[in-house]
Structures are given as C-alpha cells and as structure tokens.
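Structure data follow from work_9.cif (mmCIF, C-alpha atoms (C1' of nucleotides)):
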```cif
data_upload
loop_
_atom_site.label_atom_id
_atom_site.label_comp_id
_atom_site.auth_asym_id
_atom_site.auth_seq_id
_atom_site.Cartn_x
_atom_site.Cartn_y
_atom_site.Cartn_z
CA MET Q 136 133.44 168.51 -52.06
CA SER Q 137 129.91 168.12 -50.93
CA ASP Q 138 128.08 164.84 -51.27
CA THR Q 139 125.10 166.56 -52.76
CA ASP Q 140 126.68 169.08 -55.05
CA SER Q 141 129.84 167.60 -56.37
CA SER Q 142 131.18 170.07 -58.88
CA SER Q 143 129.86 173.48 -58.10
CA ALA Q 144 132.09 176.46 -58.56
CA LEU Q 145 131.86 179.53 -56.42
CA ARG Q 146 128.90 181.75 -57.10
CA GLU Q 147 128.45 185.46 -56.92
CA GLY Q 148 128.20 186.51 -53.31
CA ASP Q 149 129.51 183.26 -51.82
CA ALA Q 150 132.61 184.86 -50.37
CA PRO Q 151 132.69 188.59 -50.85
CA GLY Q 152 135.67 188.84 -48.52
CA LEU Q 153 137.83 186.14 -50.08
CA SER Q 154 141.18 187.47 -51.22
CA ALA Q 155 142.28 187.02 -54.79
CA ASP Q 156 145.52 185.66 -53.45
CA LEU Q 157 144.20 182.17 -52.77
CA ASP Q 158 147.61 180.53 -52.68
CA ALA Q 159 148.86 182.87 -49.98
CA VAL Q 160 145.73 182.25 -47.92
CA ARG Q 161 146.15 178.49 -48.23
CA GLU Q 162 149.83 178.45 -47.48
CA ALA Q 163 149.43 180.67 -44.43
CA LEU Q 164 146.96 178.29 -42.80
CA VAL Q 165 149.00 175.13 -43.37
CA GLU Q 166 152.17 176.79 -42.13
CA TRP Q 167 150.38 178.03 -39.03
CA TYR Q 168 149.05 174.53 -38.30
CA GLU Q 169 152.34 172.78 -38.89
CA ALA Q 170 154.26 175.22 -36.72
CA ASP Q 171 152.17 174.42 -33.64
CA HIS Q 172 148.92 172.62 -32.84
CA ARG Q 173 147.23 170.61 -30.12
CA GLU Q 174 148.30 166.99 -29.84
CA PHE Q 175 145.47 164.49 -29.93
CA PRO Q 176 146.29 160.78 -29.98
CA TRP Q 177 144.12 160.14 -33.05
CA ARG Q 178 146.25 162.58 -35.01
CA ARG Q 179 149.07 160.06 -34.71
CA THR Q 180 147.30 157.17 -36.42
CA GLU Q 181 146.09 156.49 -39.94
CA ASP Q 182 143.96 153.51 -38.92
CA PRO Q 183 140.48 154.26 -40.28
CA TYR Q 184 138.79 152.28 -37.51
CA ALA Q 185 140.59 154.22 -34.78
CA ILE Q 186 139.79 157.47 -36.55
CA LEU Q 187 136.14 156.57 -36.99
CA VAL Q 188 135.91 155.86 -33.26
CA SER Q 189 137.42 159.27 -32.49
CA GLU Q 190 135.07 161.05 -34.87
CA VAL Q 191 131.92 159.41 -33.55
CA MET Q 192 132.96 160.16 -29.98
CA SER Q 193 133.75 163.76 -30.91
CA GLN Q 194 130.31 164.56 -32.25
CA GLN Q 195 128.99 167.04 -29.72
CA THR Q 196 131.51 166.13 -27.06
CA GLN Q 197 134.54 168.21 -26.08
CA LEU Q 198 137.76 166.76 -27.38
CA ASP Q 199 139.54 166.76 -24.04
CA ARG Q 200 136.88 164.47 -22.66
CA VAL Q 201 137.14 162.16 -25.66
CA VAL Q 202 140.83 161.35 -25.17
CA PRO Q 203 140.58 158.91 -22.23
CA ALA Q 204 137.46 157.27 -23.64
CA TRP Q 205 139.14 156.76 -27.02
CA GLU Q 206 142.20 155.18 -25.43
CA ASP Q 207 140.09 152.83 -23.29
CA PHE Q 208 137.86 151.90 -26.22
CA LEU Q 209 140.76 150.94 -28.48
CA GLU Q 210 142.45 149.02 -25.73
CA ARG Q 211 139.28 147.01 -25.26
CA TRP Q 212 138.33 146.62 -28.93
CA PRO Q 213 141.49 147.29 -30.96
CA THR Q 214 140.04 146.45 -34.38
CA ALA Q 215 136.71 146.51 -36.17
CA ALA Q 216 136.67 142.71 -36.01
CA ASP Q 217 137.02 142.84 -32.22
CA LEU Q 218 134.14 145.26 -32.00
CA VAL Q 219 131.93 143.07 -34.15
CA ASP Q 220 132.54 140.20 -31.75
CA ALA Q 221 131.50 142.32 -28.77
CA ASP Q 222 128.01 142.22 -27.31
CA ARG Q 223 126.15 145.38 -28.12
CA ALA Q 224 125.20 145.64 -24.45
CA ASP Q 225 128.87 145.91 -23.54
CA VAL Q 226 129.49 148.62 -26.09
CA VAL Q 227 126.51 150.63 -24.85
CA ALA Q 228 127.56 150.11 -21.23
CA PHE Q 229 131.04 151.33 -22.10
CA TRP Q 230 129.60 154.43 -23.74
CA SER Q 231 127.36 155.24 -20.82
CA GLY Q 232 130.12 154.46 -18.33
CA HIS Q 233 132.43 156.96 -19.99
CA SER Q 234 129.74 159.67 -20.04
CA LEU Q 235 129.96 160.07 -23.78
CA GLY Q 236 126.29 160.89 -24.18
CA TYR Q 237 124.09 159.94 -27.13
CA ASN Q 238 124.15 156.23 -26.38
CA ASN Q 239 122.71 155.31 -29.75
CA ARG Q 240 126.05 156.30 -31.25
CA ALA Q 241 127.51 153.24 -29.57
CA THR Q 242 125.04 151.10 -31.48
CA TYR Q 243 125.85 152.94 -34.73
CA LEU Q 244 129.54 152.25 -34.25
CA HIS Q 245 128.90 148.59 -33.56
CA GLU Q 246 126.70 148.39 -36.63
CA ALA Q 247 129.25 150.22 -38.80
CA ALA Q 248 131.96 147.76 -37.77
CA GLU Q 249 129.67 144.95 -38.83
CA GLN Q 250 129.13 146.61 -42.21
CA VAL Q 251 132.87 146.90 -42.74
CA GLU Q 252 133.33 143.21 -41.94
CA THR Q 253 130.51 141.92 -44.06
CA GLU Q 254 130.40 144.37 -46.97
CA TYR Q 255 134.08 145.23 -47.29
CA ASP Q 256 135.67 142.06 -45.96
CA GLY Q 257 137.16 143.90 -43.02
CA SER Q 258 138.99 146.68 -44.85
CA PHE Q 259 137.50 150.14 -44.78
CA PRO Q 260 136.35 151.84 -47.98
CA GLU Q 261 138.36 154.96 -48.75
CA SER Q 262 135.92 157.25 -50.55
CA PRO Q 263 133.65 159.67 -48.71
CA GLY Q 264 130.70 158.33 -50.70
CA GLU Q 265 131.18 154.75 -49.55
CA LEU Q 266 132.06 155.75 -46.02
CA GLN Q 267 128.83 157.65 -45.77
CA GLU Q 268 126.91 154.41 -46.24
CA LEU Q 269 128.16 153.24 -42.85
CA MET Q 270 125.73 153.60 -39.99
CA GLY Q 271 126.17 156.82 -38.08
CA VAL Q 272 128.45 158.30 -40.72
CA GLY Q 273 127.16 161.47 -42.35
CA PRO Q 274 128.86 163.98 -44.65
CA TYR Q 275 131.10 165.39 -41.97
CA THR Q 276 132.36 162.08 -40.58
CA ALA Q 277 132.80 160.52 -44.03
CA ASN Q 278 135.08 163.33 -45.14
CA ALA Q 279 136.92 163.35 -41.83
CA VAL Q 280 137.73 159.62 -42.02
CA ALA Q 281 138.61 159.80 -45.72
CA SER Q 282 140.91 162.72 -44.97
CA PHE Q 283 142.64 161.60 -41.79
CA ALA Q 284 143.00 157.93 -42.70
CA PHE Q 285 143.53 158.14 -46.45
CA ASN Q 286 144.23 161.78 -47.29
CA ALA Q 287 141.37 161.33 -49.74
CA GLY Q 288 138.56 163.46 -48.38
CA ASP Q 289 136.76 166.54 -49.52
CA ALA Q 290 136.62 169.72 -47.47
CA VAL Q 291 134.81 169.20 -44.19
CA VAL Q 292 132.12 171.62 -43.15
CA ASP Q 293 131.30 171.63 -39.45
CA THR Q 294 130.34 174.39 -37.06
CA ASN Q 295 134.01 175.40 -36.70
CA VAL Q 296 134.52 175.71 -40.43
CA LYS Q 297 131.31 177.66 -40.87
CA ARG Q 298 132.28 180.13 -38.18
CA VAL Q 299 135.73 180.64 -39.70
CA LEU Q 300 134.45 181.12 -43.24
CA HIS Q 301 131.65 183.40 -42.14
CA ARG Q 302 133.99 185.66 -40.21
CA ALA Q 303 137.04 185.60 -42.45
CA PHE Q 304 135.43 185.85 -45.87
CA ALA Q 305 131.93 187.07 -45.11
CA VAL Q 306 130.35 183.88 -46.44
CA PRO Q 307 126.60 184.15 -45.89
CA ASP Q 308 125.00 181.80 -43.35
CA ASP Q 309 123.91 179.28 -45.97
CA ASP Q 310 124.93 175.62 -46.05
CA ALA Q 311 125.38 175.39 -49.80
CA ALA Q 312 127.55 178.50 -49.83
CA PHE Q 313 129.71 177.11 -47.04
CA GLU Q 314 130.17 173.90 -49.03
CA ARG Q 315 131.23 175.73 -52.17
CA VAL Q 316 133.66 178.03 -50.42
CA ALA Q 317 135.17 175.24 -48.31
CA ASP Q 318 135.69 173.23 -51.50
CA GLY Q 319 137.15 176.09 -53.45
CA LEU Q 320 139.57 176.93 -50.70
CA MET Q 321 141.04 173.49 -50.07
CA PRO Q 322 144.10 172.74 -52.21
CA ALA Q 323 144.12 169.39 -54.05
CA ASP Q 324 145.47 166.24 -52.39
CA VAL Q 325 146.12 167.67 -48.94
CA SER Q 326 142.83 166.94 -47.20
CA ARG Q 327 144.56 165.37 -44.19
CA VAL Q 328 146.50 168.42 -43.14
CA TRP Q 329 144.01 170.93 -44.50
CA ASN Q 330 140.96 169.68 -42.67
CA ASN Q 331 142.94 169.33 -39.46
CA ALA Q 332 144.24 172.86 -39.91
CA ILE Q 333 140.97 174.62 -40.61
CA MET Q 334 139.21 172.90 -37.71
CA GLU Q 335 142.17 173.71 -35.47
CA LEU Q 336 141.80 177.32 -36.48
CA GLY Q 337 138.12 177.26 -35.57
CA GLY Q 338 138.79 175.49 -32.29
CA VAL Q 339 141.78 177.49 -31.09
CA ALA Q 340 141.96 180.94 -32.67
CA CYS Q 341 138.47 181.51 -34.02
CA GLY Q 342 136.20 180.03 -31.37
CA LYS Q 343 133.12 181.74 -30.03
CA LYS Q 344 135.53 184.10 -28.32
CA PRO Q 345 138.11 185.01 -30.96
CA ARG Q 346 141.80 184.96 -30.00
CA CYS Q 347 143.29 186.34 -33.19
CA ASP Q 348 146.44 187.93 -31.84
CA GLU Q 349 146.99 185.54 -28.94
CA GLU Q 350 146.98 182.56 -31.28
CA GLY Q 351 148.67 184.33 -34.17
CA CYS Q 352 145.81 183.73 -36.58
CA PRO Q 353 147.35 183.33 -40.03
CA TRP Q 354 144.42 185.00 -41.79
CA ARG Q 355 144.36 188.34 -39.98
CA GLU Q 356 145.58 190.32 -42.96
CA TRP Q 357 142.69 189.03 -45.09
CA CYS Q 358 140.03 188.56 -42.42
CA HIS Q 359 136.81 190.49 -42.84
CA ALA Q 360 135.95 190.26 -39.14
CA TYR Q 361 139.43 191.27 -38.03
CA GLN Q 362 139.15 194.38 -40.14
CA THR Q 363 135.61 195.36 -39.20
CA GLY Q 364 135.57 194.15 -35.60
CA ASP Q 365 132.33 192.27 -36.25
CA PHE Q 366 132.89 188.71 -35.06
CA THR Q 367 129.30 187.59 -35.37
CA ALA Q 368 129.08 183.83 -35.85
CA PRO Q 369 126.35 181.83 -37.61
CA ASP Q 370 123.48 180.99 -35.30
CA VAL Q 371 123.71 177.67 -33.54
CA PRO Q 372 120.22 176.66 -32.42
CA THR Q 373 120.04 176.57 -28.66
CA GLN Q 374 119.01 173.37 -26.98
CA PRO Q 375 116.12 173.06 -24.58
CA SER Q 376 117.24 172.61 -21.01
CA PHE Q 377 118.49 169.17 -20.16
CA ASP Q 378 117.25 169.06 -16.58
CA GLY Q 379 113.96 167.21 -16.35
CA SER Q 380 114.03 166.37 -20.03
CA ARG Q 381 113.20 163.09 -21.63
CA ARG Q 382 116.85 162.72 -22.66
CA GLN Q 383 117.90 162.85 -19.03
CA PHE Q 384 115.71 159.87 -18.20
CA ARG Q 385 116.84 157.90 -21.22
CA GLY Q 386 120.40 158.32 -20.04
CA ARG Q 387 119.53 157.19 -16.52
CA ILE Q 388 117.75 154.10 -17.82
CA VAL Q 389 120.75 153.00 -19.86
CA ARG Q 390 123.06 153.59 -16.93
CA ALA Q 391 120.82 151.63 -14.54
CA LEU Q 392 120.59 148.69 -16.91
CA SER Q 393 124.30 148.63 -17.54
CA ASN Q 394 124.72 148.08 -13.80
CA HIS Q 395 121.90 145.60 -13.20
CA ASP Q 396 121.66 143.28 -16.19
CA GLU Q 397 117.85 143.24 -16.25
CA LEU Q 398 115.10 144.96 -14.32
CA THR Q 399 111.32 145.04 -14.09
CA LEU Q 400 109.43 148.31 -14.48
CA ASP Q 401 108.92 148.72 -10.75
CA GLU Q 402 112.57 147.96 -10.01
CA LEU Q 403 113.80 150.37 -12.65
CA GLY Q 404 111.40 153.25 -11.98
CA PRO Q 405 112.71 154.31 -8.57
CA LYS Q 406 116.28 154.18 -9.84
CA ILE Q 407 115.63 156.86 -12.41
CA ARG Q 408 113.26 159.17 -10.57
CA VAL Q 409 112.45 159.51 -6.90
CA ASP Q 410 108.78 160.26 -7.53
CA TYR Q 411 108.13 157.07 -9.52
CA SER Q 412 104.95 155.30 -8.55
CA PRO Q 413 103.46 152.54 -10.70
CA ASP Q 414 100.11 154.23 -11.25
CA GLY Q 415 101.24 157.84 -10.99
CA GLU Q 416 101.80 160.37 -13.71
CA HIS Q 417 105.35 159.13 -14.01
CA GLY Q 418 104.60 155.45 -13.60
CA ARG Q 419 104.61 152.25 -15.60
CA GLU Q 420 102.94 153.75 -18.62
CA TRP Q 421 105.39 156.63 -18.79
CA LEU Q 422 108.38 154.35 -18.24
CA GLU Q 423 107.22 151.83 -20.80
CA GLY Q 424 107.02 154.59 -23.39
CA LEU Q 425 110.64 155.47 -22.83
CA LEU Q 426 111.67 151.82 -22.95
CA THR Q 427 109.83 151.28 -26.20
CA ASP Q 428 111.65 154.19 -27.82
CA LEU Q 429 115.00 153.01 -26.51
CA ALA Q 430 114.24 149.55 -27.88
CA GLU Q 431 113.46 151.06 -31.27
CA ASP Q 432 116.85 152.75 -31.17
CA GLY Q 433 118.39 149.31 -30.69
CA LEU Q 434 119.62 150.07 -27.22
CA LEU Q 435 117.35 147.76 -25.22
CA ASP Q 436 115.36 144.58 -25.30
CA VAL Q 437 111.95 144.75 -23.66
CA GLU Q 438 109.83 141.70 -22.90
CA GLY Q 439 106.49 141.05 -21.22
CA SER Q 440 103.82 143.57 -20.36
CA ASP Q 441 102.43 145.52 -17.43
CA ASP Q 442 104.01 144.63 -14.12
CA ARG Q 443 105.94 141.77 -15.70
CA THR Q 444 107.74 143.93 -18.23
CA VAL Q 445 111.48 143.34 -18.09
CA ALA Q 446 114.15 145.45 -19.76
CA LYS Q 447 117.83 144.82 -20.43
CA LEU Q 448 120.51 146.20 -22.71
CA SER Q 449 120.35 144.55 -26.10
CA GLU Q 450 122.61 141.67 -26.98
"C1'" DT Z 275 123.18 179.51 -19.49
"C1'" DT Z 276 125.55 178.07 -23.33
"C1'" DC Z 277 128.70 175.41 -25.77
"C1'" DC Z 278 130.73 171.12 -27.86
"C1'" DA Z 279 134.65 167.58 -34.75
"C1'" DG Z 280 126.45 165.61 -36.31
"C1'" DC Z 281 123.32 162.04 -37.60
"C1'" DC Z 282 119.01 159.54 -37.89
"C1'" DA Z 283 114.06 158.93 -38.30
"C1'" DT Z 284 109.86 160.90 -39.70
"C1'" DA M 232 112.50 170.30 -43.08
"C1'" DT M 233 112.31 169.41 -38.23
"C1'" DG M 234 112.79 167.20 -33.75
"C1'" DG M 235 115.35 164.02 -30.73
"C1'" DC M 236 119.43 162.54 -28.72
"C1'" DT M 237 123.56 163.20 -23.95
"C1'" DG M 238 126.35 165.07 -20.12
"C1'" DG M 239 130.37 167.66 -18.40
"C1'" DA M 240 132.42 172.15 -18.28
"C1'" DA M 241 133.06 177.18 -19.02
#
```
Represent the structure from my file as structure tokens, please.
Amino acid sequence: MSDTDSSSALREGDAPGLSADLDAVREALVEWYEADHREFPWRRTEDPYAILVSEVMSQQTQLDRVVPAWEDFLERWPTAADLVDADRADVVAFWSGHSLGYNNRATYLHEAAEQVETEYDGSFPESPGELQELMGVGPYTANAVASFAFNAGDAVVDTNVKRVLHRAFAVPDDDAAFERVADGLMPADVSRVWNNAIMELGGVACGKKPRCDEEGCPWREWCHAYQTGDFTAPDVPTQPSFDGSRRQFRGRIVRALSNHDELTLDELGPKIRVDYSPDGEHGREWLEGLLTDLAEDGLLDVEGSDDRTVAKLSE
DNA sequence: TTCCAGCCAT
DNA sequence: ATGGCTGGAA
C-alpha cells in the first residue's frame, strides 16, 4: 500500500487488461518464482540491517555488482551497532573503493544506523511508515525492508514493477495508478515472496528486452503486451552524459581523499583534472565550489580559505 | 548510448 | 515538481 494513499481501491481505467481471475494470476507468479529464481545472498537472511544495506546498495546499481560489496560490508560492519561505531570517513571510503556510486548513500546508511540505535534502541522498526523515517529510506526501500525482513510490507513499486504492470495489464503510465494496481494485486500477508517475485519477473522475464517464452513468463495467457506484441515500457528519463560532468569530479574528489587523508586545494586539483590551474577556469574557485557542496552533503570537512583550504573526508 | 531494486534538497 | 547524485557494463 502506498504511503500517501493508504486505502484506495482500483479506479476505472487503472488496469484495463487485468483479468477477472485474480487468484489465478497471483498463484501463477508465486509458483513461477518458487520453482526457479536467481540466488542473491540477501535473499537468505531476514536481518533487517543486512537487508537495508543490500537495498541501499542496489539503488541504481546492478545486482551482480552489489554482491561482493554487500559481503565485504557485512564482514566489516556486521551489525548496525558496528556501523554506528565506524568513522563516517571509513564508510565513505569503503563505498568509493567498491565503486558503488552515489557516495552520499554511504552517509545515509551510517546516519540510519545511528537512528536505529538511538531511536529504537538498536532493534529495527517493522512498519513501512517507521522505516521510511530512516535517512535514505523512501517508499520503495521501506516496503522492501518491511517485506524481506518482516514479511510486513506493502506492494513495492519500482521501475521493474511499473514496466510489468504497464505491459501485462495496460496500466497507464501514472504513479498513483501503479500504486493502486500493485496494491490490489498483492495477496495479503505474503509480501516477502510476492515482492521478490514481481521484481524477479521484471528483472528476468520482462526486462527492457522481454524474454517471455525463454523465461516461461507465468502471465503470458493474461498479458496485454504478449497478445498485442506492443512491449512499450514507461519512459525512464535519460541521464545527461557522465563524462565531463560535475558528478564525475565529485566522485574523483572522494576517491582522492579516501587515499590521502587530507589535501590542500592545489594538491587535490591536479589529481582530479589534468588541466587544473589555481587561477584558471577550473581552478581554486571551481574546486572550492565542489568541496562546499560535498561538505553540505556530509561527505567532507573543509577548513581554511584560499590557498590554505584543506579538505578531508568527514569524521 | 543506455540501463540499473531511488532518495534528498530546494 | 524538478534537478543532482555515481560508475560499470551491455
């Protein structure tokens, strides 16, 4: 169920292609998932901390690349209490060192662990609503953790689920409609297996390139796209190119500082771009702007000014 | 080029 | 409501 619209029934036009035989649709998906699915290590635990770590890492990062990072992370900080005791600089350095991207997610995770320790005495809340109060945890992640750790989540709606619902049941490309249909489709008290199953379907059989027959999609007999041959997916906004972007330089700064403890502007500049010159277009002023923003994101500490400015990863 | 289990700040 | 954040791989 959505955080914003907790008890909405389906509306006219939400799912013109949804079969009347809801129970058959539901059963087919769960049976398909249980018969065969990818093995990820976080699917073998019910520890909410371990699951939160996997979910935060998985946001915009391919799952195969998350596996080794997740294993290393939990070996280093096995519990939320261990993570709270860690220096934030070490958590950020770990994140950067494992090429997980979006370094501020490392700070969110560290902050969330602190919230669990101080506000919940070390034991995770179980409801999506409370989970969503944790730093870095939005509607998707709250329902994922509630589902996979406690079997107590509402239907998740991510890009996989949207694509599946849009194709299978002709749900219009509208967030509220996706929420209502996802809710209406999920059987009661099975959020753990259900949310795994529907995302598995979107990841394996109903990806950008559909593999309906190869993967034995359980919904072929009801699927609007399978019948019409129109596998259009909801638009995913395209990102501006990464090369030469501001994000690229933020990433390089974090990586440089995780290797060098602390650096002045003129030491750091040449490490992140070959054409750095203190008074040039990409000089101290430019670099200081990036550092200030990174500091506001809680990733860095910056002290001093002008040529004596020194940056390091935050404590 | 485009994609990938989103969330936060404004 | 919109922009910013990351980097490896297909």
Check every residue of chain Q for an atom within 10 Å of chain M, counting all atoms listed in the file, and provide those that qualify as a PyMOL selection string. chain Q and resi 195-197+200+231+234-240+377+381-383+385-386
Selected residues written out with C-alpha atoms, as a short mmCIF file (atom, residue, chain, number, x, y, z; two decimals), in the frame of the given file:
```
data_model
loop_
_atom_site.label_atom_id
_atom_site.label_comp_id
_atom_site.auth_asym_id
_atom_site.auth_seq_id
_atom_site.Cartn_x
_atom_site.Cartn_y
_atom_site.Cartn_z
CA GLN Q 195 128.99 167.04 -29.72
CA THR Q 196 131.51 166.13 -27.06
CA GLN Q 197 134.54 168.21 -26.08
CA ARG Q 200 136.88 164.47 -22.66
CA SER Q 231 127.36 155.24 -20.82
CA SER Q 234 129.74 159.67 -20.04
CA LEU Q 235 129.96 160.07 -23.78
CA GLY Q 236 126.29 160.89 -24.18
CA TYR Q 237 124.09 159.94 -27.13
CA ASN Q 238 124.15 156.23 -26.38
CA ASN Q 239 122.71 155.31 -29.75
CA ARG Q 240 126.05 156.30 -31.25
CA PHE Q 377 118.49 169.17 -20.16
CA ARG Q 381 113.20 163.09 -21.63
CA ARG Q 382 116.85 162.72 -22.66
CA GLN Q 383 117.90 162.85 -19.03
CA ARG Q 385 116.84 157.90 -21.22
CA GLY Q 386 120.40 158.32 -20.04
#
```
Give as a PyMOL selection string the residues that the PyMOL selection byres ((chain Z and resi 277-283) around 10) matches when applied to the coordinates above. (chain Q and resi 189-198+239-240+243+270-276+279+291-296+331+334-335+338+343+371+373-374+432) or (chain Z and resi 275-276+284) or (chain M and resi 234-236+240-241)
Selection as number ranges by chain: residues within 6 Å of (119.1, 145.6, -23.3), counting only C-alpha atoms (C1' of nucleotides): Q: 434-436, 447-449
From the options Q:Val409, Q:Ala287, Q:Val316, Q:Val188, which residue's atoms come nearest to chain Z, counting all atoms listed in the file? Q:Val188
Interatomic distance (Å, one decimal) between atom CA of Q:Asp158 and atom CA of Q:Thr363: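 Computed distance, atom CA of Q:Asp158 to atom CA of Q:Thr363, equals 23.4 Å.
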In Å and to one decimal, atom CA of Q:Gln267 is distant from atom CA of Q:Arg298 by 24.0 Å
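Note that atom CA of Q:Ala277 and atom CA of Q:Glu265 are 8.1 Å apart.
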With 6 Å added on each side, what axis-aligned box encloses every listed atom of chain Z? Give the centre and edge lengths in Å to one decimal, as JSON.
```
{"center_x": 122.3, "center_y": 169.2, "center_z": -29.6, "size_x": 36.8, "size_y": 32.6, "size_z": 32.2}
```
